$ cat structure27.cif   # mmCIF, C-alpha atoms
data_work
loop_
_atom_site.label_atom_id
_atom_site.label_comp_id
_atom_site.auth_asym_id
_atom_site.auth_seq_id
_atom_site.Cartn_x
_atom_site.Cartn_y
_atom_site.Cartn_z
CA MET A 1 -67.04 -15.39 -17.38
CA ALA A 2 -65.06 -18.41 -18.56
CA SER A 3 -68.27 -20.45 -18.97
CA LEU A 4 -69.50 -17.94 -21.57
CA ILE A 5 -66.48 -18.52 -23.80
CA PRO A 6 -66.00 -21.76 -25.66
CA GLY A 7 -63.00 -23.48 -24.16
CA GLY A 8 -62.91 -20.74 -21.53
CA ARG A 9 -61.00 -22.75 -19.00
CA ARG A 10 -58.32 -23.54 -21.53
CA VAL A 11 -58.13 -19.84 -22.56
CA CYS A 12 -57.83 -18.67 -18.95
CA GLY A 13 -55.25 -21.32 -18.31
CA ALA A 14 -53.25 -20.20 -21.32
CA LEU A 15 -53.49 -16.55 -20.25
CA PHE A 16 -52.36 -17.41 -16.74
CA ALA A 17 -49.41 -19.33 -18.11
CA LEU A 18 -48.50 -16.39 -20.33
CA LEU A 19 -48.64 -13.98 -17.40
CA VAL A 20 -46.44 -16.25 -15.33
CA THR A 21 -43.95 -16.41 -18.18
CA VAL A 22 -43.86 -12.65 -18.83
CA VAL A 23 -44.28 -11.22 -15.33
CA GLY A 24 -42.78 -13.98 -13.24
CA CYS A 25 -39.90 -15.03 -15.40
CA ARG A 26 -37.49 -14.30 -12.53
CA SER A 27 -37.61 -16.43 -9.44
CA PRO A 28 -38.85 -14.74 -6.24
CA GLN A 29 -35.32 -15.01 -4.83
CA ALA A 30 -33.78 -13.23 -7.82
CA ALA A 31 -36.48 -10.57 -7.86
CA ALA A 32 -35.92 -9.78 -4.20
CA ASP A 33 -32.17 -10.29 -3.96
CA PRO A 34 -31.11 -8.25 -0.90
CA LEU A 35 -27.49 -8.26 -2.10
CA ALA A 36 -28.17 -7.31 -5.71
CA SER A 37 -24.90 -5.40 -6.15
CA TRP A 38 -22.83 -8.44 -5.20
CA ASN A 39 -21.72 -10.85 -7.90
CA GLU A 40 -22.73 -14.44 -7.42
CA GLY A 41 -19.83 -16.36 -5.95
CA PRO A 42 -18.16 -17.60 -2.77
CA ALA A 43 -18.07 -14.21 -1.03
CA LYS A 44 -21.77 -13.47 -1.38
CA GLN A 45 -22.68 -17.07 -0.59
CA ALA A 46 -20.57 -17.04 2.57
CA VAL A 47 -22.47 -14.02 3.89
CA VAL A 48 -25.86 -15.51 3.05
CA ASP A 49 -24.95 -18.88 4.57
CA PHE A 50 -23.80 -17.28 7.82
CA VAL A 51 -26.94 -15.18 8.18
CA SER A 52 -29.10 -18.22 7.41
CA ARG A 53 -27.34 -20.31 10.05
CA VAL A 54 -27.56 -17.78 12.89
CA THR A 55 -31.20 -16.93 12.21
CA LYS A 56 -32.58 -20.45 11.84
CA GLU A 57 -34.54 -21.16 14.98
CA GLY A 58 -33.78 -24.58 16.36
CA GLY A 59 -30.53 -24.80 14.41
CA LYS A 60 -27.28 -25.56 16.20
CA ASP A 61 -25.85 -22.13 15.25
CA TYR A 62 -28.95 -20.09 16.11
CA VAL A 63 -28.16 -16.75 17.77
CA PRO A 64 -30.93 -14.82 19.57
CA PRO A 65 -31.64 -11.38 18.08
CA ALA A 66 -30.27 -9.58 21.15
CA ALA A 67 -26.84 -11.07 20.49
CA ARG A 68 -26.80 -10.39 16.75
CA ILE A 69 -24.35 -7.48 16.91
CA ALA A 70 -22.53 -6.39 13.75
CA THR A 71 -19.77 -3.77 13.74
CA PHE A 72 -18.42 -1.95 10.70
CA ASP A 73 -15.39 0.23 10.22
CA ASN A 74 -16.21 3.36 8.21
CA ASP A 75 -13.22 4.67 6.20
CA GLY A 76 -12.46 2.25 3.39
CA THR A 77 -15.16 -0.16 4.54
CA LEU A 78 -18.39 1.79 4.08
CA TRP A 79 -17.08 4.66 1.97
CA SER A 80 -13.88 5.52 0.11
CA GLU A 81 -10.80 6.90 1.84
CA LYS A 82 -8.62 8.11 -1.02
CA PRO A 83 -6.73 10.26 -1.81
CA LEU A 84 -7.05 11.34 1.85
CA TYR A 85 -9.33 10.29 4.65
CA PHE A 86 -12.45 12.36 4.13
CA GLN A 87 -12.30 13.78 7.64
CA LEU A 88 -8.76 14.96 6.96
CA GLN A 89 -10.02 16.69 3.81
CA PHE A 90 -12.68 18.33 5.99
CA ALA A 91 -9.94 19.59 8.34
CA ILE A 92 -7.92 20.91 5.39
CA ASP A 93 -10.94 22.79 4.04
CA ARG A 94 -11.60 24.20 7.52
CA VAL A 95 -8.00 25.46 7.78
CA ARG A 96 -8.45 27.33 4.53
CA ALA A 97 -11.79 28.74 5.67
CA LEU A 98 -10.36 29.91 8.99
CA ALA A 99 -7.02 31.21 7.67
CA GLY A 100 -8.19 34.84 7.61
CA LYS A 101 -8.52 34.75 11.40
CA HIS A 102 -5.08 33.19 11.85
CA PRO A 103 -2.42 35.12 9.90
CA GLU A 104 0.26 33.27 11.89
CA TRP A 105 -0.64 30.06 10.04
CA LYS A 106 1.13 31.35 6.94
CA GLU A 107 4.43 30.64 8.64
CA GLN A 108 3.51 27.66 10.82
CA GLN A 109 3.45 24.01 9.81
CA PRO A 110 1.30 22.07 9.22
CA PHE A 111 -0.95 25.04 8.39
CA LYS A 112 1.58 26.62 6.02
CA GLY A 113 1.70 23.47 3.90
CA VAL A 114 -2.10 23.24 3.77
CA LEU A 115 -2.47 26.86 2.67
CA GLU A 116 0.21 26.45 0.02
CA GLY A 117 -1.20 23.16 -1.23
CA ASP A 118 1.91 21.27 -0.16
CA MET A 119 0.44 18.32 1.72
CA LYS A 120 3.78 16.52 1.87
CA ALA A 121 5.16 19.36 3.97
CA ALA A 122 1.94 19.67 5.96
CA LEU A 123 1.94 16.00 6.96
CA ALA A 124 5.69 15.65 7.42
CA GLY A 125 5.13 15.99 11.15
CA GLY A 126 3.19 12.73 11.28
CA GLU A 127 0.66 12.21 14.06
CA LYS A 128 1.61 15.49 15.73
CA ALA A 129 0.77 17.43 12.56
CA LEU A 130 -2.54 15.59 12.18
CA LEU A 131 -3.39 16.34 15.79
CA GLN A 132 -2.66 20.02 15.28
CA LEU A 133 -4.95 20.16 12.25
CA VAL A 134 -7.75 18.36 14.06
CA MET A 135 -7.57 20.45 17.20
CA ALA A 136 -7.47 23.72 15.26
CA THR A 137 -10.51 22.80 13.20
CA HIS A 138 -12.59 20.53 15.44
CA ALA A 139 -12.43 22.24 18.83
CA GLY A 140 -13.41 25.56 20.35
CA MET A 141 -17.11 25.43 19.44
CA THR A 142 -20.22 23.82 20.84
CA THR A 143 -21.29 20.38 19.73
CA GLU A 144 -24.28 21.90 17.90
CA GLN A 145 -22.07 24.37 16.06
CA PHE A 146 -19.72 21.58 15.00
CA GLU A 147 -22.63 19.47 13.75
CA ARG A 148 -23.81 22.34 11.55
CA ILE A 149 -20.31 22.85 10.16
CA VAL A 150 -20.02 19.15 9.25
CA LYS A 151 -23.45 19.10 7.61
CA ASP A 152 -22.64 22.24 5.59
CA TRP A 153 -19.37 20.73 4.41
CA LEU A 154 -21.00 17.46 3.40
CA ALA A 155 -23.63 19.40 1.45
CA THR A 156 -21.12 21.55 -0.47
CA ALA A 157 -17.74 19.79 -0.70
CA ARG A 158 -16.97 17.64 -3.72
CA HIS A 159 -14.50 14.81 -4.11
CA PRO A 160 -11.54 15.86 -6.32
CA ARG A 161 -11.71 12.79 -8.56
CA PHE A 162 -15.39 11.93 -8.80
CA LYS A 163 -16.83 15.46 -8.39
CA ARG A 164 -19.57 14.07 -6.16
CA PRO A 165 -20.49 14.85 -2.54
CA TYR A 166 -18.43 12.74 -0.17
CA ALA A 167 -21.53 11.15 1.34
CA GLU A 168 -22.40 9.74 -2.09
CA LEU A 169 -19.10 7.85 -2.28
CA VAL A 170 -20.45 5.07 -0.11
CA PHE A 171 -20.27 1.47 -1.24
CA GLN A 172 -23.58 0.22 -2.57
CA PRO A 173 -22.82 -3.44 -1.74
CA MET A 174 -22.09 -2.48 1.87
CA LEU A 175 -25.30 -0.45 2.13
CA GLU A 176 -27.13 -3.58 1.00
CA LEU A 177 -25.23 -5.67 3.54
CA LEU A 178 -26.20 -3.32 6.37
CA ASP A 179 -29.85 -3.51 5.33
CA TYR A 180 -29.70 -7.28 4.89
CA LEU A 181 -28.34 -7.78 8.39
CA ARG A 182 -30.95 -5.51 9.94
CA GLN A 183 -33.70 -7.32 8.07
CA ASN A 184 -32.45 -10.47 9.76
CA GLY A 185 -32.52 -9.12 13.29
CA PHE A 186 -29.00 -7.73 13.56
CA LYS A 187 -28.18 -4.44 15.25
CA THR A 188 -25.57 -2.61 13.19
CA TYR A 189 -22.89 -0.36 14.66
CA ILE A 190 -20.12 1.75 13.18
CA VAL A 191 -16.80 1.35 15.00
CA SER A 192 -14.30 3.66 13.35
CA GLY A 193 -11.06 5.49 13.97
CA GLY A 194 -12.80 8.56 12.57
CA GLY A 195 -14.25 11.24 14.79
CA ILE A 196 -17.53 10.23 16.40
CA GLU A 197 -19.03 13.72 16.05
CA PHE A 198 -17.87 13.96 12.44
CA MET A 199 -19.73 10.76 11.57
CA ARG A 200 -22.91 11.13 13.60
CA PRO A 201 -24.42 13.96 11.51
CA PHE A 202 -24.74 11.71 8.46
CA THR A 203 -24.68 8.03 9.49
CA GLU A 204 -28.42 7.63 10.00
CA ARG A 205 -29.31 9.30 6.70
CA VAL A 206 -26.63 7.51 4.69
CA TYR A 207 -26.20 4.13 6.42
CA GLY A 208 -29.35 3.77 8.49
CA VAL A 209 -27.18 3.69 11.63
CA PRO A 210 -28.47 6.09 14.32
CA PRO A 211 -25.99 8.29 16.22
CA GLU A 212 -26.21 6.25 19.40
CA GLN A 213 -24.84 3.26 17.45
CA VAL A 214 -21.70 5.07 16.30
CA VAL A 215 -18.42 4.48 18.14
CA GLY A 216 -15.43 6.59 17.15
CA SER A 217 -12.48 8.64 18.28
CA SER A 218 -13.36 11.69 20.32
CA ILE A 219 -12.06 14.84 21.92
CA LYS A 220 -13.08 15.99 25.38
CA VAL A 221 -16.31 17.89 25.87
CA LYS A 222 -17.40 20.01 28.81
CA HIS A 223 -20.72 21.46 29.97
CA GLU A 224 -21.08 25.24 30.13
CA LEU A 225 -23.79 27.83 30.57
CA ARG A 226 -23.77 30.48 27.86
CA ASN A 227 -26.28 33.27 28.22
CA GLY A 228 -28.11 31.10 30.70
CA ALA A 229 -28.39 28.17 28.27
CA PRO A 230 -26.58 24.85 28.74
CA VAL A 231 -24.17 23.88 25.96
CA LEU A 232 -21.48 21.27 25.41
CA VAL A 233 -18.14 22.73 24.33
CA ARG A 234 -15.53 20.77 22.39
CA LEU A 235 -12.06 21.02 23.96
CA PRO A 236 -8.65 20.69 22.24
CA GLU A 237 -7.83 17.50 24.15
CA ILE A 238 -7.97 13.88 23.02
CA ASP A 239 -10.48 11.76 24.91
CA PHE A 240 -10.43 8.37 23.15
CA ILE A 241 -8.74 6.89 20.07
CA ASP A 242 -10.95 4.21 18.51
CA ASP A 243 -8.39 2.52 16.29
CA LYS A 244 -6.44 -0.74 16.30
CA ALA A 245 -6.46 -2.10 19.89
CA GLY A 246 -8.81 0.73 20.82
CA LYS A 247 -11.62 -0.80 18.78
CA PRO A 248 -12.34 -3.82 21.01
CA VAL A 249 -12.07 -1.46 23.99
CA GLY A 250 -14.56 0.92 22.40
CA ILE A 251 -16.95 -1.93 21.60
CA HIS A 252 -16.80 -3.17 25.18
CA LYS A 253 -17.13 0.33 26.61
CA PHE A 254 -19.93 1.66 24.43
CA ILE A 255 -21.77 -1.42 23.14
CA GLY A 256 -21.27 -3.94 25.92
CA ARG A 257 -21.58 -7.05 23.74
CA ARG A 258 -19.00 -8.85 21.64
CA PRO A 259 -20.07 -8.74 17.97
CA ILE A 260 -20.72 -11.91 16.02
CA PHE A 261 -20.08 -10.09 12.73
CA ALA A 262 -17.37 -7.51 12.01
CA ALA A 263 -16.21 -5.80 8.82
CA GLY A 264 -13.11 -3.76 8.11
CA ASN A 265 -10.58 -3.06 5.39
CA SER A 266 -7.20 -2.40 6.98
CA ASP A 267 -4.75 -3.44 9.66
CA GLY A 268 -6.38 -0.78 11.81
CA ASP A 269 -9.34 -3.16 12.04
CA PHE A 270 -7.26 -6.25 12.86
CA GLN A 271 -7.95 -6.29 16.59
CA MET A 272 -11.68 -5.79 16.08
CA LEU A 273 -11.84 -8.74 13.69
CA GLU A 274 -9.62 -10.82 15.94
CA TRP A 275 -11.69 -10.09 19.06
CA THR A 276 -14.96 -10.74 17.26
CA THR A 277 -13.94 -14.12 15.91
CA ALA A 278 -12.36 -15.21 19.21
CA GLY A 279 -15.81 -15.41 20.81
CA LYS A 280 -17.79 -18.59 21.27
CA GLY A 281 -20.35 -19.74 18.73
CA PRO A 282 -20.70 -18.73 15.07
CA ARG A 283 -18.57 -15.74 14.08
CA PHE A 284 -17.91 -13.86 10.85
CA ALA A 285 -15.18 -11.40 9.84
CA LEU A 286 -15.09 -9.59 6.51
CA ILE A 287 -12.31 -7.56 4.90
CA VAL A 288 -12.97 -5.22 1.98
CA HIS A 289 -9.92 -5.51 -0.30
CA HIS A 290 -9.54 -2.51 -2.61
CA THR A 291 -8.60 -4.07 -5.96
CA ASP A 292 -10.47 -1.92 -8.46
CA ALA A 293 -8.32 0.92 -9.78
CA GLU A 294 -10.85 1.76 -12.49
CA ARG A 295 -14.02 2.13 -10.42
CA GLU A 296 -12.31 3.13 -7.16
CA TRP A 297 -8.67 2.42 -6.16
CA ALA A 298 -6.35 -0.56 -5.88
CA TYR A 299 -4.16 -0.59 -2.78
CA ASP A 300 -3.19 -2.66 0.24
CA ARG A 301 0.24 -3.34 1.75
CA LYS A 302 2.14 -0.15 0.91
CA SER A 303 -0.69 2.37 1.12
CA HIS A 304 -0.32 5.35 3.46
CA VAL A 305 -4.11 5.30 3.82
CA GLY A 306 -5.92 2.09 4.75
CA LYS A 307 -2.85 -0.14 4.82
CA LEU A 308 -3.81 -3.82 4.57
CA ASP A 309 -0.89 -6.13 5.23
CA ARG A 310 -1.00 -8.35 8.32
CA ALA A 311 -4.77 -8.86 8.11
CA LEU A 312 -4.46 -9.87 4.45
CA ASP A 313 -1.78 -12.44 5.30
CA GLU A 314 -3.61 -13.95 8.26
CA ALA A 315 -7.17 -13.89 6.90
CA PRO A 316 -7.14 -17.38 5.32
CA ALA A 317 -5.87 -19.15 8.44
CA ARG A 318 -8.29 -17.24 10.64
CA GLY A 319 -11.26 -17.95 8.38
CA TRP A 320 -11.86 -14.29 7.57
CA LEU A 321 -13.61 -13.51 4.29
CA VAL A 322 -11.62 -11.25 1.96
CA VAL A 323 -13.99 -9.48 -0.42
CA ASP A 324 -12.30 -8.61 -3.70
CA MET A 325 -13.92 -5.35 -4.79
CA LYS A 326 -13.22 -5.88 -8.49
CA ARG A 327 -14.33 -9.51 -8.58
CA ASP A 328 -17.14 -9.61 -6.02
CA TRP A 329 -19.03 -6.34 -6.59
CA LYS A 330 -21.19 -5.54 -9.60
CA ARG A 331 -21.05 -1.86 -8.78
CA VAL A 332 -19.14 0.25 -6.26
CA TYR A 333 -21.14 3.42 -5.70
CA PRO A 334 -24.87 4.15 -5.84
CA PRO A 335 -26.10 6.01 -8.94
CA ALA A 336 -25.37 9.73 -8.87
CA LYS A 337 -28.28 11.79 -7.57
#

$ encode --input "structure27.cif" --output "structure tokens"
Amino acid sequence: MASLIPGGRRVCGALFALLVTVVGCRSPQAAADPLASWNEGPAKQAVVDFVSRVTKEGGKDYVPPAARIATFDNDGTLWSEKPLYFQLQFAIDRVRALAGKHPEWKEQQPFKGVLEGDMKAALAGGEKALLQLVMATHAGMTTEQFERIVKDWLATARHPRFKRPYAELVFQPMLELLDYLRQNGFKTYIVSGGGIEFMRPFTERVYGVPPEQVVGSSIKVKHELRNGAPVLVRLPEIDFIDDKAGKPVGIHKFIGRRPIFAAGNSDGDFQMLEWTTAGKGPRFALIVHHTDAEREWAYDRKSHVGKLDRALDEAPARGWLVVDMKRDWKRVYPPAK
């Protein structure tokens, strides 16, 4: 067709140049930025550089795909944890839902405090009070029944500040990071102090992490036959606490490989980060530092939830990346659905 138009080649060339200018004004890298919700800067660059090094075949830091294990804490690392851990809010809502069957709770702490809206009184008993709430609301049913209860709560409960479902209060930059790692041959795991059977019903849908790649705290479960059908029943007994020093133990027990990448946000993740970066070869540890009171919360050393003190002090000397939420993230949450 160009030969039928005077100066056709010049016209086509001009049109092509125009299309390149209008359609391709962004570089391919910018158009396909896998970490689009991260601000340009040292934090984002450190992540990209590490992934580039361990995936470059023939490079001195190359890591085979089978060894590219990445572990992520959940509360405060992948989703928010204020004003209370979301699983604790689930337990509180369950206490209120079950109160009609337990009139004695009106006079018993921590249940009395929950029913009266006095959380200071409810949690005055510390770990013992928390354990009582968990056992009363998480045990005594089959695993399938508990899964349905969790899914129903996630579908209906709303966060008191943001008025959104809890599963929408996930961090968009961390969702992108999970995807970015998987695109580069990593296998991503959740290693959290939260309940394993509380997390499993939503992790694949929300994070792209299947239930078999979730490690968490657990209560004991036993096999029973009910009406001739086999079921697994949740018992009011602690089985495993996946927090602090329990995290490396859980990784060893359930994953069987030391991670080369680990992310957390509190001193409860210290041992996981420490154990990860103590391994041979290239290693990466990331701490999400909550510094954005406007878009989320600002807290660290004195917080009763997600306390970050020792890990914040030791991160520079250990070479751990501290991600400043306010400075390093363009956005915190995904758009509301």

$ resolve_selection --input "structure27.cif" --expression "the PyMOL selection byres ((chain A and resi 245) around 10)" --output "PyMOL selection string"
chain A and resi 241-244+246-250+268-272+275

$ closest_residue --input "structure27.cif" --among "A:Pro210, A:Gly185, A:Gly319, A:Gly279" --to "Lys56 of chain A" --atoms "all atoms listed in the file"
A:Gly185

$ atom_distance --input "structure27.cif" --atom1 "atom CA of Lys106 of chain A" --atom2 "atom CA of Lys128 of chain A"
18.1 Å

$ atom_distance --input "structure27.cif" --atom1 "atom CA of Glu81 of chain A" --atom2 "atom CA of Glu144 of chain A"
25.8 Å

$ atom_distance --input "structure27.cif" --atom1 "atom CA of Lys326 of chain A" --atom2 "atom CA of Leu169 of chain A"
16.2 Å

$ residues_around --input "structure27.cif" --residues "Glu197 of chain A" --least-positions-apart "2" --cutoff "12 Å" --atoms "only C-alpha atoms" --output "PyMOL selection string"
chain A and resi 87+138-139+142-151+192-195+199-203+211-212+214-221+234

$ residues_around --input "structure27.cif" --residues "Pro259 of chain A" --least-positions-apart "5" --cutoff "8 Å" --atoms "only C-alpha atoms" --output "ChimeraX atom specification"
/A:67-71,276

$ residues_around --input "structure27.cif" --residues "Val170 of chain A" --least-positions-apart "4" --cutoff "6 Å" --atoms "only C-alpha atoms" --output "PyMOL selection string"
chain A and resi 78-79+333

$ write_last_selection --input "structure27.cif" --atoms "C-alpha atoms" --output "PDB file, in the frame of the given file"
ATOM      1  CA  LEU A  78     -18.390   1.790   4.080  1.00  0.00           C
ATOM      2  CA  TRP A  79     -17.080   4.660   1.970  1.00  0.00           C
ATOM      3  CA  TYR A 333     -21.140   3.420  -5.700  1.00  0.00           C
TER       4      TYR A 333
END

$ axis_aligned_box --input "structure27.cif" --around "segment 51-57 of chain A" --padding-each-side "8 Å" --output "AutoDock Vina command-line options"
--center_x -30.7 --center_y -18.2 --center_z 11.2 --size_x 23.6 --size_y 22.0 --size_z 23.6

$ residues_around --input "structure27.cif" --residues "Tyr180 of chain A" --least-positions-apart "6" --cutoff "10 Å" --atoms "only C-alpha atoms" --output "list of chain:residue names"
A:Asp33, A:Pro34, A:Leu35, A:Val47, A:Val48, A:Val51, A:Met174, A:Phe186

$ resolve_selection --input "structure27.cif" --expression "the PyMOL selection byres ((chain A and resi 323) around 10)" --output "NGL selection string"
:A and (42-44 or 265 or 286-291 or 320-322 or 324-329)

$ closest_residue --input "structure27.cif" --among "A:Ile92, A:Ser37, A:Ile251, A:His304" --to "Asp118 of chain A" --atoms "all atoms listed in the file"
A:Ile92

$ decode --input "structure27.cif" --residues "segment 275-319 of chain A" --atoms "C-alpha atoms" --output "mmCIF file, in the first residue's frame"
data_model
loop_
_atom_site.group_PDB
_atom_site.id
_atom_site.type_symbol
_atom_site.label_atom_id
_atom_site.label_comp_id
_atom_site.auth_asym_id
_atom_site.auth_seq_id
_atom_site.Cartn_x
_atom_site.Cartn_y
_atom_site.Cartn_z
ATOM 1 C CA TRP A 275 17.831 -18.464 61.324
ATOM 2 C CA THR A 276 17.196 -17.618 57.691
ATOM 3 C CA THR A 277 20.130 -15.246 57.373
ATOM 4 C CA ALA A 278 22.485 -17.567 59.285
ATOM 5 C CA GLY A 279 22.449 -20.019 56.376
ATOM 6 C CA LYS A 280 25.133 -20.270 53.728
ATOM 7 C CA GLY A 281 24.888 -18.401 50.445
ATOM 8 C CA PRO A 282 22.743 -15.372 49.579
ATOM 9 C CA ARG A 283 20.100 -14.541 52.187
ATOM 10 C CA PHE A 284 17.497 -11.824 52.601
ATOM 11 C CA ALA A 285 15.469 -10.663 55.615
ATOM 12 C CA LEU A 286 12.777 -7.998 55.455
ATOM 13 C CA ILE A 287 10.966 -6.176 58.260
ATOM 14 C CA VAL A 288 7.759 -4.239 57.652
ATOM 15 C CA HIS A 289 7.953 -1.156 59.890
ATOM 16 C CA HIS A 290 4.535 0.362 60.582
ATOM 17 C CA THR A 291 5.138 4.110 60.255
ATOM 18 C CA ASP A 292 1.980 5.348 58.551
ATOM 19 C CA ALA A 293 -0.621 6.517 61.062
ATOM 20 C CA GLU A 294 -2.757 8.067 58.331
ATOM 21 C CA ARG A 295 -3.115 5.121 55.950
ATOM 22 C CA GLU A 296 -2.682 2.374 58.562
ATOM 23 C CA TRP A 297 -0.965 2.708 61.986
ATOM 24 C CA ALA A 298 2.372 3.867 63.366
ATOM 25 C CA TYR A 299 3.817 1.658 66.095
ATOM 26 C CA ASP A 300 6.873 -0.341 67.099
ATOM 27 C CA ARG A 301 8.682 -0.548 70.441
ATOM 28 C CA LYS A 302 5.854 0.016 72.927
ATOM 29 C CA SER A 303 2.992 -1.624 71.054
ATOM 30 C CA HIS A 304 1.028 -4.401 72.768
ATOM 31 C CA VAL A 305 0.397 -5.847 69.301
ATOM 32 C CA GLY A 306 3.289 -6.467 66.919
ATOM 33 C CA LYS A 307 6.016 -5.082 69.169
ATOM 34 C CA LEU A 308 9.154 -4.248 67.166
ATOM 35 C CA ASP A 309 12.108 -3.434 69.389
ATOM 36 C CA ARG A 310 15.106 -5.785 69.348
ATOM 37 C CA ALA A 311 14.734 -6.589 65.648
ATOM 38 C CA LEU A 312 14.604 -2.868 64.818
ATOM 39 C CA ASP A 313 17.806 -2.234 66.778
ATOM 40 C CA GLU A 314 19.742 -5.148 65.314
ATOM 41 C CA ALA A 315 18.527 -4.968 61.714
ATOM 42 C CA PRO A 316 21.285 -2.650 60.393
ATOM 43 C CA ALA A 317 24.153 -4.731 61.778
ATOM 44 C CA ARG A 318 22.563 -7.947 60.564
ATOM 45 C CA GLY A 319 21.910 -6.567 57.086
#
